[in-house]
Every structure is written in C-alpha cells, then in structure tokens.
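Q: A single structure is presented below for examination.
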Amino acid sequence: MDPDRLATLLSDLDNDRRNGTDVGERLCDTCVEVLDVTGAGIMLMSDGEHRGTLGVSNGVMTVVEDLQFTLGEGPCIDAYASDHPILEPDLGAPVTNRWPAFSGPAVRAGVRAVFGFPLRTGTVNLGALDVYLDHPGDLRTDQVSDAVVMAGVISRTVLALQADAAPGELPPLLDATVHHRAVVHQASGMVSAQLDIDVADALVRIRAHAYTSNRPVNDVAHDIVDRRLRLD
C-alpha cells in the first residue's frame with residue numbers, strides 16, 4: 001500500500017475513534033478499494049469462537065459472516081485457527097472441499113473466490129479479515145501483501161478501541177458487536193444445563209439445529225432463551 005495512503009487511513013481511523021464514528025465501515029470500504037475485491041468483512045474471535053462482526057462492505061458479506069458463525073467453518077475460522085492466510089480461488093470447484101457446509105450457500109450468495117487473513121498483534125489473536133471476489137481467481141501477490149497490511153491496520157484499530165474503554169469494559173462499538181452474538185452463548189449455557197453436556201457440545205447442537213432448519217443461529221438461540229424451543 002502507498003505509504004501516504006496508509007498514513008491518511010490511520011489518521012482518519014484515529015479521528016473516527018475519537019468521534020465515536022463506526023470504524024468498521026471505513027475499514028471494509030478501504031479494503032474493497034485498496035485490494036480491488038468485491039467485498040470485505042471483519043470477524044472478531046476469541047477462544048476459538050466467533051464473537052461478532054466489526055463490519056461488512058455489502059449484503060453478501062453479511063451472509064458470509066452469518067454462515068461462518070452458524071456453521072463454525074469458513075475462511076475466517078481457518079485463518080484464525082492457523083494464524084496464516086487462507087486462499088480459496090474457486091469456491092465453486094475447489095481442489096479440496098474444506099468447507100462442505102459453507103461453500104454451497106456462499107456460492108449461491110455470489111461468492112466465487114474467498115480469502116481469509118488473521119488479525120494478530122504480538123501474541124494476541126483477534127479474529128480475521130475476509131475478502132471475496134464474484135468470479136473465480138487468485139489474488140495477485142501485491143493484493144495479498146496489501147491484505148496483510150490491512151489486517152495489521154484492523155488489529156491496531158481494535159486494540160486502540162479497547163484502550164479507549166474503562167478497565168474491565170468494552171468500548172461501545174465492540175460492546176454492540178459482541179452483544180449481537182451474546183444470545184448464542186446464553187443459549188449454549190442453557191442447553192448445556194438442560195442436556196448435561198459441556199458448553200462446546202451445546203453450541204454444536206444449536207448450530208446443527210440452525211443448519212438443518214435453515215435458520216440463522218441467532219434466531220434459534222433467541223427461541224431457546226425465550227423458552228420457545230428446547231433441544232433434545
């Protein structure tokens with residue numbers, strides 16, 4: 001990325017943060033422009049679990065992030081787990097079908113190539129940056145390099161947001177992001193107690209029910225918490 005462009009972006013993000021502006025939108029829009037891709041999304045993770053989406057550039061990326069959260073598989077999940085870029089240039093006809101549940105719905109949504117880049121600073125792994133193309137194809141070497149730079153910018157921004165918050169609290173933007181998914185973790189605790197299984201297995205049960213019923217996992221979780229649904 002051009003150094004002047006990077007310096008301007010960092011300055012704009014600092015201004016957004018101080019003014020309470022949604023930095024996720026600026027980050028995703030910048031990724032689309034700088035990387036010359038169709039869309040971008042930012043997934044926050046901790047302890048191996050999806051904690052929320054900081055931003056998406058379009059509706060297709062909303063579908064992609066929801067699919068990964070519901071199914072527990074996809075490029076962001078693998079990028080976070082491996083701490084390496086995950087590159088899939090032809091999601092419709094991959095050499096290795098690494099995401100059997102994710103790939104079909106993502107292709108139907110308009111994703112033909114998808115790439116994940118880990119968000120890490122030091123020893124802290126924060127999540128992943130997801131970008132996609134609406135046609136099959138590899139990213140060029142310079143696109144991959146710029147994506148790694150953007151992943152670093154995103155990581156810096158997330159840590160700066162957290163530094164602005166009071167000790168023990170999340171900043172408003174991250175709090176809203178995490179709260180959106182909190183009902184799933186609440187439902188996992190309820191299912192764990194009801195079925196006498198651990199929370200990880202309970203989350204698998206909830207995701208499986210969401211997948212087989214073709215519903216967003218958040219909707220299923222709300223039904224469990226509101227006691228409209230009980231899993232056997």
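As shown in the structure tokens, the chain order sets the letters A, B, ...; within each chain, residues go from 1, and ligands are also counted from 1 in the order they appear.
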Need to verify the contact set: Gln186 in chain A, 12 Å, only C-alpha atoms, exclusion of same-chain residues closer than 5 positions in sequence. Can you return it as a short mmCIF file (atom, residue, chain, number, x, y, z; two decimals) with C-alpha atoms, in the first residue's frame?
A:
```
data_model
loop_
_atom_site.label_atom_id
_atom_site.label_comp_id
_atom_site.auth_asym_id
_atom_site.auth_seq_id
_atom_site.Cartn_x
_atom_site.Cartn_y
_atom_site.Cartn_z
CA HIS A 179 -23.77 -8.23 22.30
CA HIS A 180 -25.26 -9.19 18.93
CA ARG A 181 -23.87 -12.72 19.39
CA VAL A 191 -28.71 -26.24 26.55
CA SER A 192 -25.59 -27.37 28.43
CA ALA A 193 -27.53 -27.39 31.71
CA VAL A 199 -20.98 -25.79 26.51
CA ALA A 202 -24.26 -27.45 23.31
CA LEU A 203 -23.11 -24.88 20.76
CA ILE A 206 -27.56 -25.27 18.35
CA ASN A 218 -29.21 -16.10 16.38
CA VAL A 220 -32.61 -20.31 17.11
CA ALA A 221 -30.75 -19.01 20.16
CA HIS A 222 -33.47 -16.43 20.85
CA ASP A 223 -36.09 -19.20 20.74
CA ILE A 224 -34.08 -21.24 23.26
CA VAL A 225 -33.54 -18.31 25.62
CA ASP A 226 -37.22 -17.33 25.39
#
```
Q: List the spatial neighbours of range 87-94 of chain A as a list of chain:residue names - criterion: any atom at most 6 Å away, only C-alpha atoms, same-chain residues fewer than 3 positions off excluded.
A: A:Asn97, A:Arg112, A:Ala113, A:Val114, A:Phe115, A:Pro136, A:Gly137, A:Asp138
Q: Could you jot down the CA of Gly74 in chain A to CA of Trp99 in chain A separation for me, Å, one decimal place?
A: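 So the two atoms, CA of Gly74 in chain A and CA of Trp99 in chain A, lie 6.0 Å apart.
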Q: Determine, counting only C-alpha atoms, which protein, DNA and RNA residues have an atom within 7 Å of an atom of range 142-153 of chain A; residues of the same chain fewer than 3 positions away are not included. Present the result as a list of chain:residue names.
A: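 Selected residues are A:Met1, A:Cys31, A:Leu35, A:Phe117, A:Pro118, A:Leu119, A:Leu129, A:Leu139, A:Arg156, A:Thr157.
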Q: Measuring between only C-alpha atoms, which one of A:Asn125, A:Gln68, A:Val131, A:Met45 shows the shortest distance to Asp29 in chain A?
A: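 Distance minimum relative to Asp29 in chain A lands on A:Val131.
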Q: So that I can check the secondary structure, give me every residue of range 47-84 of chain A assigned alpha helix (DSSP H) by backbone DSSP, as a ChimeraX atom specification.
A: /A:59-71,75-82
Q: Using only C-alpha atoms, find the one residue out of A:Leu231, A:Ala208, A:Ala101, A:Ala106 that sits nearest to Leu195 in chain A.
A: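 Going through A:Leu231, A:Ala208, A:Ala101, A:Ala106 one by one, the smallest distance to Leu195 in chain A is for A:Leu231.
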Q: Give the strand (DSSP E or B) residues of range 10-225 of chain A, as assigned by DSSP on the backbone, as number ranges by chain.
A: A: 39-46, 49-56, 86-88, 113-121, 124-133
Q: Just to be explicit: take each residue in the selection above, keep C-alpha atoms, and write the result as a compact mmCIF listing (two decimals), in the first residue's frame.
A:
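Okay, selection.txt is ready:
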```
# COMPACT_ATOMS: atom_id res chain seq x y z
CA GLY A 39 -16.40 -7.31 -0.70
CA ALA A 40 -14.81 -7.45 2.74
CA GLY A 41 -15.81 -8.32 6.29
CA ILE A 42 -14.14 -8.30 9.69
CA MET A 43 -14.82 -11.12 12.16
CA LEU A 44 -13.80 -10.80 15.81
CA MET A 45 -12.95 -14.03 17.63
CA SER A 46 -11.60 -15.23 20.95
CA GLU A 49 -15.31 -18.73 18.85
CA HIS A 50 -16.91 -16.04 16.70
CA ARG A 51 -17.64 -13.04 18.97
CA GLY A 52 -19.09 -10.61 16.45
CA THR A 53 -18.66 -8.81 13.15
CA LEU A 54 -16.93 -5.43 13.27
CA GLY A 55 -18.02 -4.51 9.76
CA VAL A 56 -19.09 -5.70 6.31
CA ILE A 86 -6.38 -18.91 3.76
CA LEU A 87 -6.73 -18.61 -0.02
CA GLU A 88 -9.54 -20.28 -2.00
CA ALA A 113 -13.37 -16.87 -4.53
CA VAL A 114 -12.73 -16.13 -0.85
CA PHE A 115 -9.67 -15.30 1.24
CA GLY A 116 -9.10 -15.02 4.99
CA PHE A 117 -6.30 -13.14 6.79
CA PRO A 118 -5.67 -13.44 10.55
CA LEU A 119 -5.86 -10.39 12.78
CA ARG A 120 -2.96 -10.62 15.19
CA THR A 121 -0.78 -8.29 17.18
CA VAL A 124 -2.99 -11.67 20.71
CA ASN A 125 -5.21 -13.22 18.02
CA LEU A 126 -8.25 -11.02 17.44
CA GLY A 127 -10.10 -12.63 14.52
CA ALA A 128 -9.82 -12.44 10.76
CA LEU A 129 -10.34 -10.27 7.70
CA ASP A 130 -12.45 -11.89 4.99
CA VAL A 131 -12.45 -10.71 1.34
CA TYR A 132 -14.17 -12.21 -1.69
CA LEU A 133 -14.44 -12.00 -5.47
```
Q: From the list A:Val111, A:Leu27, A:Val37, A:Val204, which residue is nearest Leu10 in chain A when using only C-alpha atoms?
A: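 Using only C-alpha atoms, the shortest distance to Leu10 in chain A belongs to A:Leu27.
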Q: Give me, please, the distance in Å between CA of Asp12 in chain A and CA of Phe69 in chain A, quoted to one decimal.
A: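 Distance between the two atoms: 29.9 Å.
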Q: Between A:Thr38, A:Thr70, A:Ser57, A:Thr30, which residue has the minimum interatomic distance to Arg215 in chain A, considering only C-alpha atoms?
A: A:Thr70
Q: Pick the closest to Tyr211 in chain A from A:Pro85, A:Thr141, A:Gly72, A:Val158: which is it, counting only C-alpha atoms?
A: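 Once distances to Tyr211 in chain A are computed over only C-alpha atoms, the minimum belongs to A:Gly72.
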